[in-house]
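Q: I'd like to ask you about the structure that follows.
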Amino acid sequence: MTSNPALAANTKPWRDPAAKPFISIRNVTKRFGDFTAVDDVSLDVYRSELFCLLGGSGCGKSTLLRMLSGFETPTAGQILIDGQDMAGVPADKRPTNMMFQSYALFPHMSVEKNIAYGLLREGKSKAEAYERVGEMLKLVKLEKFASRKPHQLSGGQRQRVALARALAKQPKLLLLDEPLGALDKKLREETQFELVNIQETLGVTFIVVTHDQDEAMTLATRIGVMTEGVITQVGEPREIYETPKSRFVADFIGSVNLIEGKAGPAAPDLMRVETDDLGPVVVPPTAGLTQGQTVWLAIRPERVWLTREPRPDIANSVPGVVQDMGYVGHMSSYVVRLANGRLIRVTQANESRRDTPITWDEQVHVGFEPSDFRVLTQ
Amino acid sequence: MSPDPQSQGAPKPRRYKPLTMLAAGLAGLAGALFVGWLALPPGLQAALFLIIAPAFVYFLISRRMGWSDRWMVIAIPLLWFFVFFLVPFFVLGRISLAETMIARPPYSPLWETDRDGNLEIIASLENYRFILGDALYLNAYLSSIKVAFISTIFALLLGYPIAYYIARSPEPRRSILLLLVILPFWTSFLLRVYAWIGFLRREGVINNVLMWLGVIDEPLVMMQTDFAVYIGIVYTYLPFMILPLYANLVKLDDALLEAASDLGARPSVTFLTVTLPLSMPGIIAGSMLVFIPAIGEYVIPALLGGPDTLMIGRTLWDEFFSARDWPVASAVAIVMLFLVVAPTMWLQSVQNRQEERD
Amino acid sequence: MKRGWFLPIVATLGFAFLYAPIVSLVIFSFNESRLVTVWGGFSTRWYGELLDDGQMLGAAWISLKVGAWAASIATVMGTLAAFVLTRFGKFRGKLLMTGMITAPLVMPEVIIGLSLLLLFVAMEGVLGWPAGRGMLTVIIAHATFTAAYVAVIAQSRLRDMDESLEEAARDLGAGPVRVFFDITLPVIAPALVSGWLLAFTLSLDDLVIASFVSGPGASTLPMVIFSKVRLGVSPDVNALATIIIGIVALAVTVAGVLLMRQSKRMR
């Protein structure tokens with residue numbers, strides 16, 4: 001069917017400043033009356049990427065998706081797909097297809113007819129269309145269900161029909177609105193990988209809207225974090241997690257300890273930050289800080305050291321008491337109260353059964369490696 | 001690769017003027033055809049209409065028109081309702097200002113040209129002065145309100161327990177009972193009112209049964225009384241009371257009742273403090289659905305009421321069919337219109353509030 | 001909660017109140033005696049007389065034709081109005097349209113009848129159309145007031161319908177008209193069928209509006225029945241009522257069985 005395309009996941013074109021974007025969103029704004037749903041957003045997506053727009057409800061991610069598919073018209077700005085301006089092109093004439101959150105399977109048509117619908121609309125003959133329907137059914141492993149009606153299928157099967165229907169026309173861009181949102185947790189995890197496999201086999205560009213950070217992390221080549229109509233950070237999953245640019249992103253993706261402080265004098269190797277909670281802290285040097293500026297130190301719970309004895313080898317170490325702990329199987333999570341009442345979240349992998357685990361009310365020390373801190377200014 | 005849909009270039013600019021004229025022309029043609037069809041046997045027409053009308057609409061819109069040409073779709077129903085629902089009220093208002101005349105049609109024209117060729121507009125409030133001055137009309141209005149009000153109260157008193165009973169019934173029975181409430185509505189309204197004549201009259205079923213049981217010696221006079229009219233209205237409009245009440249009560253969460261009784265309320269107290277206040281929107285909707293049509297009712301007072309049962313719908317009817325005074329009948333209708341507008345608007349506002357809450 | 005005796009008793013009385021007159025109509029339609037409420041032995045003579053009554057049969061035929069026509073027009077107009085109101089967002093005249101399709105639901109029939117008659121008379125004076133009153137004017141009048149009921153039914157169905165179905169069809173390359181006929185219409189079709197049936201029933205049932213706007217030679221069945229029962233009870237009307245009740249009962253049973261089967265299949 002398709003020769004293995006050069007996948008964006010491998011070539012990482014966004015790291016190459018000369019690469020030509022496949023989808024260009026340029027200064028797009030969408031207002032509904034007084035409400036600004038999408039506020040001056042610019043974004044480039046590259047061919048055969050699997051891009052995730054991640055954000056809470058009402059952050060504008062769905063509106064952005066609907067502008068790409070042609071159901072909403074931007075108030076201002078421009079959308080280019082494969083170099084062509086989409087202004088004035090109605091939804092039925094766009095080279096995009098969408099997989100709806102509700103799947104939107106036509107209830108009065110069989111699975112086959114649902115998948116064939118778009119093919120027949122572009123003028124394919126019945127024979128051609130149904131040949132393609134057969135291929136799609138094979139791709140999503142639903143050959144046996146061709147003549148069923150949507151209400152005779154399970155949730156997971158419906159999801160696959162919706163995917164097949166959207167892919168049947170070989171769109172340049174597939175838009176997926178919460179594609180796994182209606183599935184239960186276990187099915188969702190299986191389907192995530194299936195979705196990635198299908199995307200990689202076909203090489204179609206995907207833009208996925210989701211509110212589920214695990215889903216975004218698993219699926220995406222890159223993630224765009226959206227809040228209040230603005231994309232606050234775009235990056236590969238690892239980048240978003242390890243080097244968030246703002247407190248919002250750090251807090252939104254995963255769990256984080258944020259410690260406020262004042263920047264000390266600039267230094268070439270290690271820099272000091274004065275904090276109320278931990279006292280003076282040593283952090284890696286960060287460019288563009290003025291002395292006395294308010295900064296926030298972000299550190300992930302799993303990067304915090306938790307020991308019974310103080311660790312002199314770690315630059316930053318403070319004593320505390322275990323206030324709370326939870327055992328989750330592969331790891332345990334702790335809440336440690338410092339002397340001034342500040343709570344620090346810590347997680348520890350349970351690598352061995354032999355250790356006596358740290359437990360409630362124990363006197364402990366929490367340690368922070370300077371390189372594990374991320375210094376945030378906003 | 002399939003042909004690129006974008007390669008057709010930018011969409012052409014839209015020209016509305018010729019399109020408007022085309023639409024007008026087609027609409028005119030359709031109108032003419034419509035009149036032409038009426039020469040066909042109506043059974044055939046009805047069938048044809050079902051096919052031709054959607055096809056016509058399809059044709060109209062499919063002429064390479066996008067969503068922005070949607071006004072064409074809007075125009076069809078808008079025009080229909082405008083011509084056959086709204087305009088008649090203007091005609092009604094205008095004729096209520098005319099004088100009755102022995103002519104065809106039996107009212108004075110709106111304007112006349114006198115000998116000098118001056119246009120003279122003929123309009124007077126004489127008809128309104130007449131109906132507001134005459135005790136007959138005033139009494140008819142007041143008694144319509146009274147009859148409608150009393151009937152509504154009775155319908156509510158009977159309908160509420162039934163609706164409550166149905167709403168609390170387990171599932172198979174609930175659907176069957178609901179169907180039984182709706183079923184009479186599908187049989188002829190006129191025949192259902194007629195059925196009461198057989199029940200209420202001197203030698204009717206009720207008198208026969210009561211005499212046979214020895215409860216009464218003399219037959220009761222029930223026909224041609226206000227009582228018969230109340231019975232008739234409650235009977236015909238009971239489903240309209242029950243359905244909105246049911247729709248409201250069925251949504252009532254059992255847990256609320258259990259919570260009230262858990263907190264120590266007796267069933268009667270629970271009913272008064274929880275069920276009744278929560279079902280208020282249903283009570284209002286049901287009452288208005290009985291009250292509003294009851295005001296204008298003609299058939300029930302005409303068949304079951306006596307000569308002294310005054311109701312405004314009946315007065316209007318007589319004014320039109322017996323006295324043949326079209327202008328006065330129109331004035332009666334206009335005044336009556338105001339009588340139903342107020343409760344209707346209240347109903348609407350209650351429903352809007354309800355919708356917002358849902 | 002304890003089971004009260006009050007509710008079942010009131011409900012039973014209520015249903016008795018609803019059905020007793022209908023039952024007695026049916027029973028006395030088989031009465032030999034002309035005195036409708038005095039039992040004179042079983043007989044089907046009134047059915048025979050009914051079938052010989054040319055006026056009644058003619059009126060019934062007219063009513064059926066008027067009903068079919070009016071219900072069809074009402075279904076088209078009501079559906080279009082509902083579609084426009086639920087799918088077109090804001091447009092000039094929307095409030096007017098909303099008002100015009102809600103008002104007939106609460107407007108007294110005498111007012112609708114009188115105002116439409118006056119309109120037809122005025123139109124005849126100005127345009128020469130419609131020439132006189134007859135079936136055409138009754139059809140238009142009935143179509144207009146029943147379209148409001150169809151619009152209400154269609155509107156609530158359209159609101160419940162998942163709009164992403166229509167968007168999905170657009171997305172797959174169907175134009176707006178195509179979407180309406182491929183997706184919207186089939187999905188709301190059951191509501192339209194019940195809308196048509198409701199409009200048909202309302203038209204068959206209407207006496208007041210028809211009396212105003214009808215003309216010579218176009219008396220509908222309710223008009224003929226009314227002129228008969230005005231003079232008192234008449235046994236052949238009982239027979240007619242029984243036939244109508246029989247048809248309705250049959251239709252409801254068939255519909256019930258079909259619905260039951262469908263819901264079983266859905267499961």
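Residues are named by chain letter and number: chains run A, B, ... in the order of the structure tokens, numbers start at 1 in each chain, and ligands are numbered from 1 in the order shown.
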Residues at most 10 Å from Gln84 of chain A, counting only C-alpha atoms, excluding those fewer than 2 positions away in the same chain, as JSON, numbers by chain?
A: {"A": [22, 23, 24, 79, 80, 81, 82, 86, 87], "B": [6, 7]}
Q: Would you list the contacts of Pro179 of chain A as a ChimeraX atom specification, taking every protein, DNA or RNA residue within 8 Å and counting only C-alpha atoms, but skipping same-chain residues closer than 6 positions in sequence?
A: /A:99-101,159,208-210
Q: Give me the residues within 7 Å of Gly67 of chain C as a PyMOL selection string, counting only C-alpha atoms and dropping any in the same chain fewer than 5 places off.
A: chain C and resi 200+203-204
Q: With only C-alpha atoms as the counted atoms, please give the residues lying no more than 12 Å from Val340 of chain B, apart from itself and same-chain residues fewer than 3 positions off, as an MDAnalysis selection string.
A: (chainID B and resid 141 144:145 148 288:297 312 333:337 343:347) or (chainID C and resid 103:109 111)
Q: Write to file, as an mmCIF file, in the first residue's frame, the residues of the selection just made, with N, CA and C atoms.
A:
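Contents of the output file result01.cif:
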data_model
loop_
_atom_site.group_PDB
_atom_site.id
_atom_site.type_symbol
_atom_site.label_atom_id
_atom_site.label_comp_id
_atom_site.auth_asym_id
_atom_site.auth_seq_id
_atom_site.Cartn_x
_atom_site.Cartn_y
_atom_site.Cartn_z
ATOM 1 N N TYR B 141 -66.750 37.846 28.168
ATOM 2 C CA TYR B 141 -65.319 37.790 28.474
ATOM 3 C C TYR B 141 -65.105 37.290 29.890
ATOM 4 N N SER B 144 -66.030 33.673 30.377
ATOM 5 C CA SER B 144 -65.043 32.779 29.758
ATOM 6 C C SER B 144 -63.889 32.541 30.713
ATOM 7 N N ILE B 145 -63.417 33.650 31.310
ATOM 8 C CA ILE B 145 -62.300 33.528 32.244
ATOM 9 C C ILE B 145 -62.710 32.671 33.426
ATOM 10 N N ALA B 148 -63.023 28.996 32.339
ATOM 11 C CA ALA B 148 -61.697 28.437 32.076
ATOM 12 C C ALA B 148 -60.957 28.215 33.389
ATOM 13 N N MET B 288 -51.772 26.286 32.199
ATOM 14 C CA MET B 288 -51.891 27.204 31.069
ATOM 15 C C MET B 288 -52.363 26.475 29.818
ATOM 16 N N LEU B 289 -51.911 25.222 29.664
ATOM 17 C CA LEU B 289 -52.324 24.455 28.483
ATOM 18 C C LEU B 289 -53.811 24.127 28.541
ATOM 19 N N VAL B 290 -54.405 24.162 29.724
ATOM 20 C CA VAL B 290 -55.851 23.975 29.829
ATOM 21 C C VAL B 290 -56.551 25.327 29.737
ATOM 22 N N PHE B 291 -56.022 26.293 30.494
ATOM 23 C CA PHE B 291 -56.688 27.580 30.627
ATOM 24 C C PHE B 291 -56.760 28.328 29.295
ATOM 25 N N ILE B 292 -55.644 28.393 28.573
ATOM 26 C CA ILE B 292 -55.608 29.226 27.371
ATOM 27 C C ILE B 292 -56.596 28.739 26.304
ATOM 28 N N PRO B 293 -56.564 27.469 25.912
ATOM 29 C CA PRO B 293 -57.551 27.068 24.895
ATOM 30 C C PRO B 293 -58.978 27.092 25.432
ATOM 31 N N ALA B 294 -59.154 26.887 26.749
ATOM 32 C CA ALA B 294 -60.513 26.864 27.296
ATOM 33 C C ALA B 294 -61.187 28.224 27.142
ATOM 34 N N ILE B 295 -60.403 29.302 27.232
ATOM 35 C CA ILE B 295 -60.984 30.639 27.087
ATOM 36 C C ILE B 295 -61.698 30.777 25.747
ATOM 37 N N GLY B 296 -61.065 30.287 24.699
ATOM 38 C CA GLY B 296 -61.620 30.498 23.362
ATOM 39 C C GLY B 296 -62.517 29.372 22.887
ATOM 40 N N GLU B 297 -62.799 28.419 23.785
ATOM 41 C CA GLU B 297 -63.526 27.221 23.394
ATOM 42 C C GLU B 297 -64.897 27.550 22.790
ATOM 43 N N ILE B 312 -66.833 33.505 25.234
ATOM 44 C CA ILE B 312 -66.504 34.499 24.225
ATOM 45 C C ILE B 312 -66.336 33.876 22.843
ATOM 46 N N ALA B 333 -62.626 39.444 18.422
ATOM 47 C CA ALA B 333 -61.428 38.604 18.305
ATOM 48 C C ALA B 333 -60.191 39.345 18.784
ATOM 49 N N ILE B 334 -60.094 40.625 18.408
ATOM 50 C CA ILE B 334 -58.898 41.382 18.803
ATOM 51 C C ILE B 334 -58.826 41.505 20.326
ATOM 52 N N VAL B 335 -59.970 41.804 20.960
ATOM 53 C CA VAL B 335 -59.962 41.915 22.422
ATOM 54 C C VAL B 335 -59.593 40.570 23.049
ATOM 55 N N MET B 336 -60.135 39.510 22.483
ATOM 56 C CA MET B 336 -59.866 38.163 22.974
ATOM 57 C C MET B 336 -58.379 37.818 22.864
ATOM 58 N N LEU B 337 -57.774 38.328 21.789
ATOM 59 C CA LEU B 337 -56.351 38.097 21.554
ATOM 60 C C LEU B 337 -55.535 38.574 22.752
ATOM 61 N N PRO B 343 -51.487 35.322 29.605
ATOM 62 C CA PRO B 343 -51.088 34.026 30.181
ATOM 63 C C PRO B 343 -50.058 33.299 29.335
ATOM 64 N N THR B 344 -50.118 33.494 28.015
ATOM 65 C CA THR B 344 -49.151 32.830 27.143
ATOM 66 C C THR B 344 -47.741 33.306 27.425
ATOM 67 N N MET B 345 -47.615 34.624 27.582
ATOM 68 C CA MET B 345 -46.274 35.157 27.821
ATOM 69 C C MET B 345 -45.751 34.697 29.170
ATOM 70 N N TRP B 346 -46.655 34.593 30.132
ATOM 71 C CA TRP B 346 -46.239 34.098 31.440
ATOM 72 C C TRP B 346 -45.717 32.665 31.311
ATOM 73 N N LEU B 347 -46.492 31.843 30.594
ATOM 74 C CA LEU B 347 -46.103 30.456 30.378
ATOM 75 C C LEU B 347 -44.720 30.385 29.733
ATOM 76 N N ALA C 103 -47.027 30.774 18.177
ATOM 77 C CA ALA C 103 -48.327 31.387 18.444
ATOM 78 C C ALA C 103 -49.519 30.491 18.067
ATOM 79 N N PRO C 104 -49.493 29.794 16.920
ATOM 80 C CA PRO C 104 -50.676 28.984 16.577
ATOM 81 C C PRO C 104 -50.999 27.925 17.628
ATOM 82 N N LEU C 105 -49.999 27.536 18.440
ATOM 83 C CA LEU C 105 -50.240 26.501 19.438
ATOM 84 C C LEU C 105 -51.202 26.978 20.514
ATOM 85 N N VAL C 106 -51.189 28.280 20.808
ATOM 86 C CA VAL C 106 -52.035 28.766 21.892
ATOM 87 C C VAL C 106 -53.162 29.668 21.382
ATOM 88 N N MET C 107 -53.169 29.930 20.086
ATOM 89 C CA MET C 107 -54.182 30.844 19.546
ATOM 90 C C MET C 107 -55.543 30.148 19.524
ATOM 91 N N PRO C 108 -56.587 30.800 20.075
ATOM 92 C CA PRO C 108 -57.910 30.183 19.988
ATOM 93 C C PRO C 108 -58.302 29.934 18.531
ATOM 94 N N GLU C 109 -58.928 28.790 18.310
ATOM 95 C CA GLU C 109 -59.267 28.413 16.932
ATOM 96 C C GLU C 109 -60.195 29.426 16.277
ATOM 97 N N ILE C 111 -60.205 32.544 16.526
ATOM 98 C CA ILE C 111 -59.449 33.688 15.994
ATOM 99 C C ILE C 111 -58.706 33.290 14.724
#
Q: Please run DSSP on the backbone and report, as JSON, numbers by chain, all residues within segment 107-204 of chain A that come out as helix (DSSP H, G or I).
A: {"A": [111, 112, 113, 114, 115, 116, 117, 118, 119, 120, 121, 126, 127, 128, 129, 130, 131, 132, 133, 134, 135, 136, 137, 138, 139, 143, 144, 145, 150, 151, 152, 155, 156, 157, 158, 159, 160, 161, 162, 163, 164, 165, 166, 167, 168, 185, 186, 187, 188, 189, 190, 191, 192, 193, 194, 195, 196, 197, 198, 199, 200, 201, 202]}
Q: Return as number ranges by chain the residues belonging to chain C that are within 6 Å of chain B, counting only C-alpha atoms.
A: C: 7, 11, 21, 37, 65, 69, 77, 81, 108, 111, 115-116, 119, 205
Q: With only C-alpha atoms as the counted atoms, please give the residues lying no more than 9 Å from Val224 of chain C, apart from itself and same-chain residues fewer than 5 positions off, as a list in words.
A: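 Final neighbour list, sorted by chain and number: Gln55, Met56, Ala59, Ser219 and Val229 of chain C.
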Q: What are the residues of chain A that have an atom within 6 Å of an atom of chain C, counting only C-alpha atoms, as a list of chain:residue names?
A: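 Residues of chain A within 6 Å of chain C, counting only C-alpha atoms: A:Ala91, A:Asp92, A:Asn97, A:Ala104, A:Gly118, A:Arg121.
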Q: Quick one: DSSP strand (DSSP E or B) residues in segment 41-215 of chain A, as number ranges by chain?
A: A: 41-45, 50-55, 76-81, 84-85, 96-99, 173-177, 205-210
Q: For Thr270 of chain B, please output as a ChimeraX atom specification all residues within 12 Å (counting only C-alpha atoms; exclusion window: fewer than 6 positions along the same chain).
A: /B:254-264,276-278 /C:1
Q: Counting only C-alpha atoms, figure out which residue out of A:Leu7, A:Met98, A:Leu376, A:Met226 gets nearest to Leu43 of chain A.
A: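 Using only C-alpha atoms, Leu43 of chain A sits closest to A:Met226.
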Q: What's around Trp39 of chain C at 10 Å? Count only C-alpha atoms, leave out sequence neighbours fewer than 6 positions away in its own chain, and write the answer as a list in words.
A: Ile27, Phe28, Phe30, Asn31, Glu32 and Ser33 of chain C
